[in-house]
Amino acid sequence: MDLAEALNLALNATSPFAIENFINGRFVPTERVIDSVDPSTGQVWAHVPDSDAVQVNQAVEAADKAFKSWSQTSVQYRSTILNKIADIVEANLSAFAAIESKDQGKPVNLAKVIDVPRCVHNFRFFATAILHDTNESVMQQEPVTALNYVVKQPIGVAGLISPWNLPLYLLSFKIAPALAAGNTVVAKPSEFTSVTAWLLAYVFQEAGVPEGVVNIVFGNGPRAGEPLVLHPRVPIVSFTGSTLIGRRIAEITAPLNKKLSLEMGGKNPCIVFESADVDKAMPTIIKSCFSNQGEICLCTSRLFVHKNIFDEFAKKFSLAANALKVGAPQDDVDLGAVVSEQHYRKITSYIGIARDIGATFLCGERSLHLSNGNKSGFFVQPTAVTNISDDSRLMQEEIFGPVICVLPFETEDEVITRANNVIYGLSASVWSNDVSQVHRVAQKLQAGTVWCNCWLVRELNMPFGGTKASGVGRESAKDSIEFFTEKKTVIDGHMQMVRCEIVTTTTTSTTTRGGATISAVHRCAIERRPAVGSCPSAQPAV
Ligand code: NAD
């Protein structure tokens, strides 16, 4: 099968089809499979390999073998390959978007403008970033002349673990920099959303990625993810997912000295000050709460609104939220289905908690009108609650769905303290027309990213990552390339072998002119070369 046939199979499947692991450039089936469910219908639509340590070992072996040659390729060569990958995905953008939507539940229209274009951008961005990456160097002068320079070297086989919310987007944000930097890869996408990663493997084949350079092993966390992160020949692990699993990976890999990047959960605040232009801000605030069914790690989940505008804001917010269309992802809707039945139960359990604690619902209590084919799908309508305490589970725990808490505040200091009062620190947003207030508050919020009068906008050159329980490490052109490489300092002392030593000699002469005696001091600088091999003034290096 080639890419066109694989896309065709996934697009037109009328019964569940099997996807396969991609190991050493070949597609390999497994005996055991996991059912992958279309969240908008509740029906199984694909069978995903239920891989274990055996397949992980095969993949790591292939990647380890390929590393020897791939790590020696030029950045220009790798750049050309990454650009080809981007071109092929872009040429099939609509098909990828439709399949991503079927696998994940998100609206096709959203996948067309966010997920797939960002995947293309990730490959293009790192294809060019690597061409412009430079190294530091310094000509040391004392105590000896020596050229010091840094090389950033690929590390080896990168183990890449990604979640289900933005499957292609986040997987490619790991694969692209890992390959650009010269590493080989074993990726394990989420077992809930594996189909587009399988299609991406066909793209790699078509783009001419050499065998073994990228391997994709499908399966769940404990059986496939853990053997990958624990594998002795995987020195570097990049993980995006929940805080619970990130912490587990940190714990089990700690004794193994692996280089680790963790992008984890969030409970992001959005603060609306009195001076904000609410009408102008509302469409973006609504998007920040409900895009991708609230399943973006950067979505707002705690909305703090100044008390003087709270009532008016709440009215406008619920009107806008109620106007959002929820339904079949292939239709013109704002929200599709949430990813799985298990996640649906988690989200709706928080709605249950809100009822139990007597929260006031600003929106979300109306029944959904779904077509027959979607009645068994996992749909949750945009829900916002108020009149709850900051200590409630709704305000402290990551729900990761379209359920928002909206609360009033009185003073700037108070809202900063309350916004920071969670274990997480991924992102925050601030809406105010007072420029100095915006920047004052941004400095004090504990978050890796603070959006001021905007949301989800970021130049990929800028660092991305979380503080506190939201993560360790940053991703960007510079940060990702640094993460996926090891810096080595090389010192060339050869220069001091040829350096001329200046030796000054002083002589005095006396002459008599017109009866007077005149003395003169003559200084003479001469060059002397040290004997080859000697290092007369060598000092300790550290
Ligand atoms: P998850 O932690 O359950 O799973 C993430 C990945 O880890 C999956 O591929 C899973 O199979 C794998 N995994 C699970 N157990 C493992 C183990 N023991 N060893 C190795 N791998 C294991 O997360 P999820 O439910 O897929 O995704 C949602 C979470 O991801 C949310 O918490 C969200 O905030 C977070 N997220 C964070 C970011 C970010 O950039 N900070 C981005 C997207 C999603």
# chains A, B, ... in the order shown; residues from 1 in each chain; ligands from 1
$ residues_near_ligand --ligand "ligand 1" --cutoff "8 Å" --atoms "only C-alpha atoms and all ligand atoms" --output "VMD selection string"
chain A and resid 161 to 166 170 188 to 192 219 to 229 239 to 246 248 to 249 262 to 266 295 to 298 398 400 426 464 to 466 470 to 471
$ closest_atom_pairs --of "segment 234-350 of chain A" --to "segment 97-116 of chain A" --cutoff "6 Å" --atoms "only C-alpha atoms" --output "CSV"
residue,atom,partner,partner_atom,distance
A:Asn292,CA,A:Lys106,CA,5.8
A:Pro329,CA,A:Pro107,CA,4.0
A:Gln330,CA,A:Val108,CA,5.3
A:Gly336,CA,A:Lys106,CA,4.8
A:Ala337,CA,A:Gly105,CA,4.6
A:Val338,CA,A:Gly105,CA,5.9
A:Val339,CA,A:Gln104,CA,5.4
$ write_last_selection --atoms "N, CA and C atoms" --output "JSON list (two decimals), in the first residue's frame"
[["chain", "number", "residue", "atom", "x", "y", "z"],
["A", 292, "ASN", "N", -11.72, 23.04, 20.21],
["A", 292, "ASN", "CA", -11.34, 21.62, 20.30],
["A", 292, "ASN", "C", -12.02, 20.95, 21.49],
["A", 329, "PRO", "N", -18.81, 16.18, 13.60],
["A", 329, "PRO", "CA", -17.60, 16.94, 13.29],
["A", 329, "PRO", "C", -17.43, 17.30, 11.82],
["A", 330, "GLN", "N", -18.07, 16.52, 10.94],
["A", 330, "GLN", "CA", -17.90, 16.84, 9.51],
["A", 330, "GLN", "C", -18.82, 18.00, 9.08],
["A", 336, "GLY", "N", -17.06, 19.38, 18.26],
["A", 336, "GLY", "CA", -17.39, 18.02, 17.87],
["A", 336, "GLY", "C", -17.56, 17.18, 19.13],
["A", 337, "ALA", "N", -17.08, 15.92, 19.06],
["A", 337, "ALA", "CA", -17.20, 15.02, 20.21],
["A", 337, "ALA", "C", -15.91, 15.04, 21.02],
["A", 338, "VAL", "N", -16.01, 14.73, 22.32],
["A", 338, "VAL", "CA", -14.79, 14.58, 23.12],
["A", 338, "VAL", "C", -14.20, 13.20, 22.82],
["A", 339, "VAL", "N", -12.94, 13.00, 23.16],
["A", 339, "VAL", "CA", -12.18, 11.93, 22.52],
["A", 339, "VAL", "C", -12.66, 10.50, 22.77]]
$ residues_around --residues "Thr449 of chain A" --least-positions-apart "5" --cutoff "12 Å" --atoms "only C-alpha atoms" --output "number ranges by chain"
A: 266, 268-270, 297-299, 425-430, 442-444, 454-459, 462-467, 470, 474-475
$ closest_atom_pairs --of "segment 304-366 of chain A" --to "segment 378-394 of chain A" --cutoff "9 Å" --atoms "only C-alpha atoms" --output "CSV"
residue,atom,partner,partner_atom,distance
A:Phe317,CA,A:Ala384,CA,8.9
A:Ser318,CA,A:Ala384,CA,7.7
A:Ala321,CA,A:Pro382,CA,6.1
A:Asn322,CA,A:Pro382,CA,7.2
A:Leu324,CA,A:Pro382,CA,7.7
A:Lys325,CA,A:Gln381,CA,8.6
A:Val326,CA,A:Gln381,CA,6.5
A:Gly327,CA,A:Phe379,CA,7.3
A:Leu335,CA,A:Gln381,CA,7.9
A:Gly336,CA,A:Phe379,CA,6.8
A:Ala337,CA,A:Phe379,CA,4.5
A:Val338,CA,A:Phe378,CA,5.6
A:Val339,CA,A:Phe378,CA,7.4
A:Ser340,CA,A:Phe378,CA,6.6
A:Glu341,CA,A:Phe378,CA,6.2
A:His343,CA,A:Phe378,CA,8.6
A:Tyr344,CA,A:Phe378,CA,5.9
A:Arg345,CA,A:Phe378,CA,9.0
A:Ile347,CA,A:Val380,CA,8.2
A:Thr348,CA,A:Val380,CA,7.8
A:Tyr350,CA,A:Leu394,CA,6.6
A:Ile351,CA,A:Thr383,CA,8.2
A:Ile353,CA,A:Leu394,CA,7.8
A:Ala354,CA,A:Val385,CA,7.3
A:Ile357,CA,A:Ile388,CA,7.7
A:Gly358,CA,A:Ile388,CA,7.9
A:Ala359,CA,A:Asn387,CA,5.3
A:Thr360,CA,A:Thr386,CA,5.1
A:Phe361,CA,A:Val385,CA,4.4
A:Leu362,CA,A:Ala384,CA,5.3
A:Cys363,CA,A:Thr383,CA,5.2
A:Gly364,CA,A:Thr383,CA,4.0
A:Glu365,CA,A:Thr383,CA,7.4
A:Arg366,CA,A:Gln381,CA,8.2
$ atom_distance --atom1 "atom CA of Ala53 of chain A" --atom2 "atom CA of Ile23 of chain A"
13.4 Å
$ closest_residue --among "A:Glu20, A:Glu412, A:Glu486, A:Glu5" --to "Gln55 of chain A" --atoms "only C-alpha atoms"
A:Glu20
$ residues_around --residues "segment 131-134 of chain A" --least-positions-apart "6" --cutoff "9 Å" --atoms "only C-alpha atoms" --output "compact mmCIF listing (two decimals) with C-alpha atoms, in the first residue's frame"
# COMPACT_ATOMS: atom_id res chain seq x y z
CA VAL A 75 21.74 19.73 7.75
CA GLN A 76 20.99 20.61 4.11
CA SER A 79 16.27 20.03 5.62
CA ALA A 477 13.63 26.64 17.43
CA LYS A 478 16.47 27.22 19.86
CA ILE A 481 17.34 21.99 18.92
$ closest_residue --among "A:Ser519, A:Thr196, A:Ser436, A:Thr41" --to "Phe96 of chain A" --atoms "only C-alpha atoms"
A:Thr196
$ select_by_dssp --residues "segment 42-121 of chain A" --states "helix (DSSP H, G or I)" --output "PDB file with C-alpha atoms, in the first residue's frame"
ATOM      1  CA  ALA A  53       8.408  -4.563  24.717  1.00  0.00           C
ATOM      2  CA  VAL A  54       9.148  -6.927  21.799  1.00  0.00           C
ATOM      3  CA  GLN A  55       8.043  -4.422  19.135  1.00  0.00           C
ATOM      4  CA  VAL A  56       9.599  -1.549  21.081  1.00  0.00           C
ATOM      5  CA  ASN A  57      12.938  -3.404  21.116  1.00  0.00           C
ATOM      6  CA  GLN A  58      12.752  -4.005  17.365  1.00  0.00           C
ATOM      7  CA  ALA A  59      12.016  -0.346  16.749  1.00  0.00           C
ATOM      8  CA  VAL A  60      14.825   0.869  19.016  1.00  0.00           C
ATOM      9  CA  GLU A  61      17.256  -1.548  17.377  1.00  0.00           C
ATOM     10  CA  ALA A  62      16.333  -0.211  13.923  1.00  0.00           C
ATOM     11  CA  ALA A  63      16.619   3.401  15.090  1.00  0.00           C
ATOM     12  CA  ASP A  64      19.927   2.727  16.806  1.00  0.00           C
ATOM     13  CA  LYS A  65      21.342   1.193  13.637  1.00  0.00           C
ATOM     14  CA  ALA A  66      20.077   4.053  11.461  1.00  0.00           C
ATOM     15  CA  PHE A  67      21.531   6.654  13.828  1.00  0.00           C
ATOM     16  CA  LYS A  68      25.078   5.953  12.649  1.00  0.00           C
ATOM     17  CA  SER A  69      24.414   7.259   9.150  1.00  0.00           C
ATOM     18  CA  TRP A  70      21.539   9.704   9.772  1.00  0.00           C
ATOM     19  CA  VAL A  75      21.743  19.728   7.746  1.00  0.00           C
ATOM     20  CA  GLN A  76      20.991  20.613   4.114  1.00  0.00           C
ATOM     21  CA  TYR A  77      20.097  16.994   3.363  1.00  0.00           C
ATOM     22  CA  ARG A  78      17.877  16.686   6.426  1.00  0.00           C
ATOM     23  CA  SER A  79      16.271  20.027   5.623  1.00  0.00           C
ATOM     24  CA  THR A  80      15.359  18.834   2.119  1.00  0.00           C
ATOM     25  CA  ILE A  81      13.735  15.678   3.509  1.00  0.00           C
ATOM     26  CA  LEU A  82      11.758  17.603   6.143  1.00  0.00           C
ATOM     27  CA  ASN A  83      10.526  20.041   3.507  1.00  0.00           C
ATOM     28  CA  LYS A  84       9.399  17.113   1.360  1.00  0.00           C
ATOM     29  CA  ILE A  85       7.427  15.712   4.304  1.00  0.00           C
ATOM     30  CA  ALA A  86       5.761  19.116   4.756  1.00  0.00           C
ATOM     31  CA  ASP A  87       4.900  19.335   1.057  1.00  0.00           C
ATOM     32  CA  ILE A  88       3.331  15.876   0.992  1.00  0.00           C
ATOM     33  CA  VAL A  89       1.187  16.485   4.088  1.00  0.00           C
ATOM     34  CA  GLU A  90       0.129  19.858   2.696  1.00  0.00           C
ATOM     35  CA  ALA A  91      -0.850  18.312  -0.631  1.00  0.00           C
ATOM     36  CA  LEU A  93      -4.387  18.510   3.843  1.00  0.00           C
ATOM     37  CA  SER A  94      -8.114  17.874   3.415  1.00  0.00           C
ATOM     38  CA  ALA A  95      -7.770  14.101   3.678  1.00  0.00           C
ATOM     39  CA  PHE A  96      -5.571  14.366   6.785  1.00  0.00           C
ATOM     40  CA  ALA A  97      -8.059  16.814   8.360  1.00  0.00           C
ATOM     41  CA  ALA A  98     -11.032  14.527   7.713  1.00  0.00           C
ATOM     42  CA  ILE A  99      -9.208  11.529   9.192  1.00  0.00           C
ATOM     43  CA  GLU A 100      -7.877  13.462  12.199  1.00  0.00           C
ATOM     44  CA  SER A 101     -11.433  14.566  12.892  1.00  0.00           C
ATOM     45  CA  LYS A 102     -12.833  11.029  12.637  1.00  0.00           C
ATOM     46  CA  ASP A 103     -10.145   9.685  14.949  1.00  0.00           C
ATOM     47  CA  GLN A 104     -10.259  12.462  17.543  1.00  0.00           C
ATOM     48  CA  VAL A 108     -13.056  18.845  10.359  1.00  0.00           C
ATOM     49  CA  ASN A 109     -12.973  22.619   9.850  1.00  0.00           C
ATOM     50  CA  LEU A 110     -10.777  23.026  12.911  1.00  0.00           C
ATOM     51  CA  ALA A 111      -8.377  20.278  11.811  1.00  0.00           C
ATOM     52  CA  LYS A 112      -8.140  22.055   8.437  1.00  0.00           C
ATOM     53  CA  VAL A 113      -7.049  25.350   9.935  1.00  0.00           C
ATOM     54  CA  ILE A 114      -5.140  24.246  13.024  1.00  0.00           C
ATOM     55  CA  ASP A 115      -3.980  20.634  13.249  1.00  0.00           C
ATOM     56  CA  VAL A 116      -2.820  19.855   9.735  1.00  0.00           C
ATOM     57  CA  PRO A 117      -1.390  23.294   8.812  1.00  0.00           C
ATOM     58  CA  ARG A 118       0.543  23.280  12.082  1.00  0.00           C
ATOM     59  CA  CYS A 119       1.940  19.823  11.277  1.00  0.00           C
ATOM     60  CA  VAL A 120       3.115  21.183   7.915  1.00  0.00           C
ATOM     61  CA  HIS A 121       4.539  24.270   9.618  1.00  0.00           C
TER      62      HIS A 121
END
$ select_by_dssp --residues "segment 90-196 of chain A" --states "strand (DSSP E)" --output "list in words"
Ser137, Val138, Met139, Gln140, Ala146, Leu147, Asn148, Tyr149, Val150, Val151, Lys152, Gln153, Pro154, Val157, Ala158, Gly159, Leu160, Ile161, Thr184, Val185, Val186, Ala187 and Lys188 of chain A
$ residues_around --residues "Asn421 of chain A" --least-positions-apart "3" --cutoff "10 Å" --atoms "only C-alpha atoms" --output "VMD selection string"
chain A and resid 390 to 391 395 to 396 415 to 418 424 to 425 446
$ write_last_selection --atoms "C-alpha atoms" --output "compact mmCIF listing (two decimals), in the first residue's frame"
# COMPACT_ATOMS: atom_id res chain seq x y z
CA ASP A 390 -11.51 28.49 44.68
CA ASP A 391 -10.80 25.30 46.63
CA MET A 395 -11.26 25.07 40.26
CA GLN A 396 -8.25 22.93 41.17
CA VAL A 415 -6.76 37.98 41.34
CA ILE A 416 -3.04 37.32 40.83
CA THR A 417 -2.92 35.31 44.06
CA ARG A 418 -6.04 33.38 43.09
CA TYR A 424 -0.24 24.06 37.47
CA GLY A 425 1.48 26.87 35.57
CA GLN A 446 3.08 31.77 37.33
$ atom_distance --atom1 "atom CA of Val422 of chain A" --atom2 "atom CA of Lys316 of chain A"
27.2 Å
